[in-house]
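Note sheet for the following structure.
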Amino acid sequence: MAAAAKKEKSTAELAVLVFLWYAGNTLYNVYNKKASKMLHAHWTIAAAQLVVGIVVSLVTWGTGMRKTPNLSQADLVACVPIGLFACLAHAFSVLAMGMGAVSFAQIVKACEPVFAAVVGLLLPPVDIKPVLAYMMLIPIVGGVGLACVKEGKGIEINVGAFTYASMANMAAALKGKVGGSVTKSLKGDATKNMDSANVYGVMNIISFLFTVPAVIAFEASTLEEEWSKAVSEHGANDVLINVALSGFFFYIYNEFAFAFTASVGAVTSSVLNTAKRVIIIVVSAILFNEAMERNTVLGSAIAIGGTFAYSLASKKKKASAAEPKDKKA
């Protein structure tokens with residue numbers, strides 16, 4: 001009955017969500033890289049990007065465009081781990097793309113299913129995937145490895161970018177694991193006013209609160225110097241515009257991604273998230289003149305293809321689990 005009452009989005013509406021998600025994510029990566037090249041204070045950039053999203057949320061709540069979340073202290077406490085891992089996933093991604101090529105960071109981030117699979121097995125409730133899904137982790141890892149092999153040079157890895165991108169993968173996997181049941185519970189209670197947009201808005205605020213201490217710890221002592229250097233080389237307006245636009249598109253793409261996932265489910269969203277990486281890799285390679293050697297292209301194709309297959313194999317498990325219910329009904 002509840003399912004029937006829920007209005008499903010039309011194909012056209014879903015297509016618009018995907019377009020806005022892809023466009024927002026691509027533009028975020030472009031402006032984030034520009035901002036990172038101008039201002040070498042990546043934790044600060046990550047915090048500033050979250051501030052832009054917070055402003056958008058506060059405006060929508062304050063003007064009545066959206067209902068204000070109605071959360072108890074216990075609800076907020078339950079959201080804290082999600083905000084922490086969201087903070088780390090975002091900041092480590094910014095650091096990875098700041099230290100290396102956007103395309104390389106995206107190739108490494110294609111390994112996210114590997115981390116998700118491991119977390120699913122180690123943390124309760126245990127999530128066991130079909131054997132085929134685990135087999136698809138092999139081409140993911142192999143593809144990323146191949147992308148790191150440079151012709152005539154052997155293995156060549158930007159260790160900093162690789163490490164931060166991998167840490168972002170782990171944080172994203174933990175966020176998904178600890179946050180799934182919490183967000184489902186909040187969305188299921190109409191009195192909480194927690195639709196997908198508000199879930200993201202609240203998570204964004206908590207994420208920012210965790211980012212601030214990192215800014216103070218890692219960049220407070222050098223921030224004034226780095227800001228002066230960036231302003232003298234690029235001008236304050238250009239730096240601020242690129243940081244602000246990266247924050248705006250970060251918020252936009254996440255909001256539309258959340259809305260799409262809420263409409264079609266995590267597996268379909270994961271498949272399209274895989275395809276999205278292809279667009280970002282191609283666009284960033286063109287805009288920033290990032291080298292795409294044969295092994296890089298082939299390796300990224302194998303890794304992204306493996307991620308796509310992993311998503312489909314995981315979907316088969318859910319479909320099989322649903323069959324007995326369908327027959328019983």
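Here's how to read the names in the structure tokens: chain A, B, ... by the order shown, residue numbers from 1 in each chain, ligand numbers from 1 in the order shown.
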
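Using only C-alpha atoms, the residues found no farther than 7 Å from Ser284 in chain A, other than those of its own chain fewer than 5 positions away, are A:Val30, A:Val102, A:Ser103.
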
If we count only C-alpha atoms, what is near Val144 in chain A at a cut-off of 10 Å, once residues fewer than 3 positions away on the same chain are taken out, given as an mmCIF file with N, CA, C and O atoms, in the first residue's frame?
data_model
loop_
_atom_site.group_PDB
_atom_site.id
_atom_site.type_symbol
_atom_site.label_atom_id
_atom_site.label_comp_id
_atom_site.auth_asym_id
_atom_site.auth_seq_id
_atom_site.Cartn_x
_atom_site.Cartn_y
_atom_site.Cartn_z
ATOM 1 N N PHE A 104 43.733 10.107 -13.018
ATOM 2 C CA PHE A 104 44.341 9.045 -12.215
ATOM 3 C C PHE A 104 43.533 8.800 -10.946
ATOM 4 O O PHE A 104 43.283 7.652 -10.559
ATOM 5 N N ILE A 107 40.506 6.831 -11.765
ATOM 6 C CA ILE A 107 40.817 5.427 -12.052
ATOM 7 C C ILE A 107 40.957 4.652 -10.736
ATOM 8 O O ILE A 107 40.414 3.548 -10.573
ATOM 9 N N VAL A 108 41.688 5.237 -9.778
ATOM 10 C CA VAL A 108 41.861 4.576 -8.478
ATOM 11 C C VAL A 108 40.522 4.475 -7.753
ATOM 12 O O VAL A 108 40.225 3.463 -7.108
ATOM 13 N N LYS A 109 39.698 5.508 -7.874
ATOM 14 C CA LYS A 109 38.401 5.491 -7.186
ATOM 15 C C LYS A 109 37.445 4.458 -7.790
ATOM 16 O O LYS A 109 36.427 4.126 -7.181
ATOM 17 N N ALA A 110 37.779 3.958 -8.968
ATOM 18 C CA ALA A 110 36.984 2.862 -9.545
ATOM 19 C C ALA A 110 37.131 1.599 -8.700
ATOM 20 O O ALA A 110 36.349 0.663 -8.833
ATOM 21 N N CYS A 111 38.131 1.595 -7.809
ATOM 22 C CA CYS A 111 38.347 0.451 -6.914
ATOM 23 C C CYS A 111 37.416 0.461 -5.709
ATOM 24 O O CYS A 111 37.509 -0.430 -4.851
ATOM 25 N N PRO A 139 39.361 -7.982 -12.201
ATOM 26 C CA PRO A 139 39.659 -7.016 -13.260
ATOM 27 C C PRO A 139 39.701 -5.573 -12.757
ATOM 28 O O PRO A 139 40.422 -4.744 -13.348
ATOM 29 N N ILE A 140 38.983 -5.262 -11.686
ATOM 30 C CA ILE A 140 39.037 -3.899 -11.148
ATOM 31 C C ILE A 140 40.457 -3.601 -10.655
ATOM 32 O O ILE A 140 41.076 -2.606 -11.037
ATOM 33 N N VAL A 141 40.968 -4.488 -9.815
ATOM 34 C CA VAL A 141 42.318 -4.302 -9.270
ATOM 35 C C VAL A 141 43.367 -4.409 -10.376
ATOM 36 O O VAL A 141 44.300 -3.598 -10.460
ATOM 37 N N ALA A 147 46.936 0.442 -15.374
ATOM 38 C CA ALA A 147 46.945 1.880 -15.634
ATOM 39 C C ALA A 147 48.162 2.561 -15.004
ATOM 40 O O ALA A 147 48.557 3.649 -15.424
ATOM 41 N N CYS A 148 48.755 1.904 -13.996
ATOM 42 C CA CYS A 148 49.930 2.469 -13.323
ATOM 43 C C CYS A 148 51.243 2.082 -14.003
ATOM 44 O O CYS A 148 52.319 2.547 -13.604
ATOM 45 N N VAL A 149 51.161 1.218 -15.028
ATOM 46 C CA VAL A 149 52.368 0.786 -15.745
ATOM 47 C C VAL A 149 52.596 1.704 -16.943
ATOM 48 O O VAL A 149 51.788 1.757 -17.861
ATOM 49 N N ASN A 295 48.431 2.035 -21.895
ATOM 50 C CA ASN A 295 48.150 1.252 -20.692
ATOM 51 C C ASN A 295 47.144 1.942 -19.776
ATOM 52 O O ASN A 295 46.330 1.292 -19.122
ATOM 53 N N THR A 296 47.207 3.270 -19.727
ATOM 54 C CA THR A 296 46.273 4.029 -18.895
ATOM 55 C C THR A 296 44.854 3.870 -19.416
ATOM 56 O O THR A 296 43.915 3.634 -18.641
ATOM 57 N N LEU A 298 43.710 1.467 -21.496
ATOM 58 C CA LEU A 298 43.289 0.067 -21.406
ATOM 59 C C LEU A 298 42.988 -0.326 -19.954
ATOM 60 O O LEU A 298 41.969 -0.971 -19.670
ATOM 61 N N GLY A 299 43.862 0.088 -19.037
ATOM 62 C CA GLY A 299 43.674 -0.251 -17.627
ATOM 63 C C GLY A 299 42.420 0.362 -17.043
ATOM 64 O O GLY A 299 41.671 -0.300 -16.317
ATOM 65 N N SER A 300 42.175 1.628 -17.377
ATOM 66 C CA SER A 300 40.976 2.290 -16.859
ATOM 67 C C SER A 300 39.720 1.652 -17.432
ATOM 68 O O SER A 300 38.712 1.492 -16.733
ATOM 69 N N ALA A 301 39.787 1.245 -18.706
ATOM 70 C CA ALA A 301 38.634 0.591 -19.333
ATOM 71 C C ALA A 301 38.333 -0.750 -18.644
ATOM 72 O O ALA A 301 37.170 -1.081 -18.383
ATOM 73 N N ILE A 302 39.382 -1.508 -18.340
ATOM 74 C CA ILE A 302 39.205 -2.801 -17.669
ATOM 75 C C ILE A 302 38.642 -2.599 -16.262
ATOM 76 O O ILE A 302 37.709 -3.294 -15.830
ATOM 77 N N ALA A 303 39.208 -1.635 -15.525
ATOM 78 C CA ALA A 303 38.761 -1.381 -14.150
ATOM 79 C C ALA A 303 37.310 -0.912 -14.114
ATOM 80 O O ALA A 303 36.508 -1.387 -13.304
ATOM 81 N N ILE A 304 36.968 0.026 -14.996
ATOM 82 C CA ILE A 304 35.610 0.562 -15.028
ATOM 83 C C ILE A 304 34.626 -0.517 -15.502
ATOM 84 O O ILE A 304 33.518 -0.637 -14.990
#

- Task: Identify, on the basis of only C-alpha atoms, every residue whose closest approach to Ala172 in chain A does not exceed 7 Å; exclude the query and any residue fewer than 4 positions from it along the same chain; express the result as a list in words.
- Result: Phe85, Ala86, Ala89, Ala168 and Gly176 of chain A

Convert the current residue selection to file output with N, CA and C atoms, as a short mmCIF file (atom, residue, chain, number, x, y, z; two decimals), in the first residue's frame.
data_model
loop_
_atom_site.label_atom_id
_atom_site.label_comp_id
_atom_site.auth_asym_id
_atom_site.auth_seq_id
_atom_site.Cartn_x
_atom_site.Cartn_y
_atom_site.Cartn_z
N PHE A 85 32.61 10.01 8.13
CA PHE A 85 33.13 9.30 6.96
C PHE A 85 32.88 10.09 5.67
N ALA A 86 31.80 10.87 5.64
CA ALA A 86 31.56 11.75 4.49
C ALA A 86 32.64 12.81 4.41
N ALA A 89 35.83 11.05 3.13
CA ALA A 89 35.71 10.68 1.71
C ALA A 89 35.87 11.91 0.83
N ALA A 168 39.98 7.63 0.44
CA ALA A 168 38.63 8.13 0.12
C ALA A 168 37.69 6.96 -0.16
N GLY A 176 28.84 4.20 3.57
CA GLY A 176 27.72 3.43 3.05
C GLY A 176 27.27 2.34 4.00
#

- Based on DSSP run over this structure's backbone, return all residues of range 6-123 of chain A in helix (DSSP H, G or I), as a PyMOL selection string. chain A and resi 11-38+42-62+73-99+102-109+112-122

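Minimum distance to Ala117 in chain A across A:Asn70, A:Ser93, A:Asn169, A:Thr63 (counting only C-alpha atoms) occurs at A:Asn169.
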
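Taking only C-alpha atoms, the non-local environment of range 118-132 of chain A within 9 Å (same-chain residues fewer than 3 positions away omitted) comprises Pro113, Val114, Phe115, Met135, Met136, Met170, Ala173, Leu174, Lys177, Val178, Ala309, Tyr310, Ala313, Ser314, Lys316 and Lys317 of chain A.
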
- Item | Residues within 9 Å of Ser207 in chain A, only C-alpha atoms, excluding chain neighbours under 3 positions, as a ChimeraX atom specification | /A:47,50,80,82-88,90,202-204,210-211

Written file, previous selection with N, CA, C and O atoms, as a compact mmCIF listing (two decimals), in the first residue's frame:
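Saved the output as out.txt:
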# COMPACT_ATOMS: atom_id res chain seq x y z
N ALA A 47 36.76 22.33 3.03
CA ALA A 47 35.86 22.97 4.01
C ALA A 47 35.02 24.05 3.35
O ALA A 47 33.82 24.16 3.60
N LEU A 50 32.12 22.72 1.38
CA LEU A 50 31.00 22.31 2.22
C LEU A 50 30.20 23.52 2.71
O LEU A 50 28.99 23.44 2.86
N VAL A 80 26.25 11.23 13.27
CA VAL A 80 27.64 11.67 13.42
C VAL A 80 28.63 10.77 12.66
O VAL A 80 29.50 11.27 11.94
N ILE A 82 28.18 8.99 10.04
CA ILE A 82 28.00 9.21 8.60
C ILE A 82 28.71 10.50 8.19
O ILE A 82 29.41 10.55 7.17
N GLY A 83 28.52 11.56 8.98
CA GLY A 83 29.17 12.83 8.68
C GLY A 83 30.68 12.73 8.74
O GLY A 83 31.39 13.33 7.93
N LEU A 84 31.20 11.95 9.69
CA LEU A 84 32.65 11.77 9.80
C LEU A 84 33.21 11.12 8.55
O LEU A 84 34.19 11.60 7.97
N PHE A 85 32.61 10.01 8.13
CA PHE A 85 33.13 9.30 6.96
C PHE A 85 32.88 10.09 5.67
O PHE A 85 33.68 10.01 4.73
N ALA A 86 31.80 10.87 5.64
CA ALA A 86 31.56 11.75 4.49
C ALA A 86 32.64 12.81 4.41
O ALA A 86 33.13 13.15 3.32
N CYS A 87 33.02 13.35 5.56
CA CYS A 87 34.10 14.34 5.64
C CYS A 87 35.39 13.77 5.07
O CYS A 87 36.06 14.40 4.24
N LEU A 88 35.75 12.57 5.51
CA LEU A 88 37.00 11.94 5.07
C LEU A 88 36.96 11.58 3.59
O LEU A 88 37.95 11.78 2.87
N HIS A 90 35.24 13.01 1.23
CA HIS A 90 35.34 14.24 0.44
C HIS A 90 36.73 14.84 0.50
O HIS A 90 37.35 15.14 -0.55
N VAL A 202 21.94 17.64 6.01
CA VAL A 202 22.37 17.42 7.39
C VAL A 202 23.76 16.78 7.42
O VAL A 202 24.63 17.18 8.21
N MET A 203 23.98 15.80 6.55
CA MET A 203 25.28 15.15 6.48
C MET A 203 26.38 16.15 6.11
O MET A 203 27.50 16.10 6.63
N ASN A 204 26.04 17.09 5.24
CA ASN A 204 26.99 18.11 4.81
C ASN A 204 27.44 18.98 5.98
O ASN A 204 28.62 19.32 6.11
N PHE A 210 33.51 18.30 11.11
CA PHE A 210 34.68 17.44 11.25
C PHE A 210 35.87 17.95 10.42
O PHE A 210 37.02 17.64 10.74
N THR A 211 35.59 18.71 9.37
CA THR A 211 36.66 19.20 8.51
C THR A 211 37.43 20.35 9.15
O THR A 211 38.65 20.47 8.95
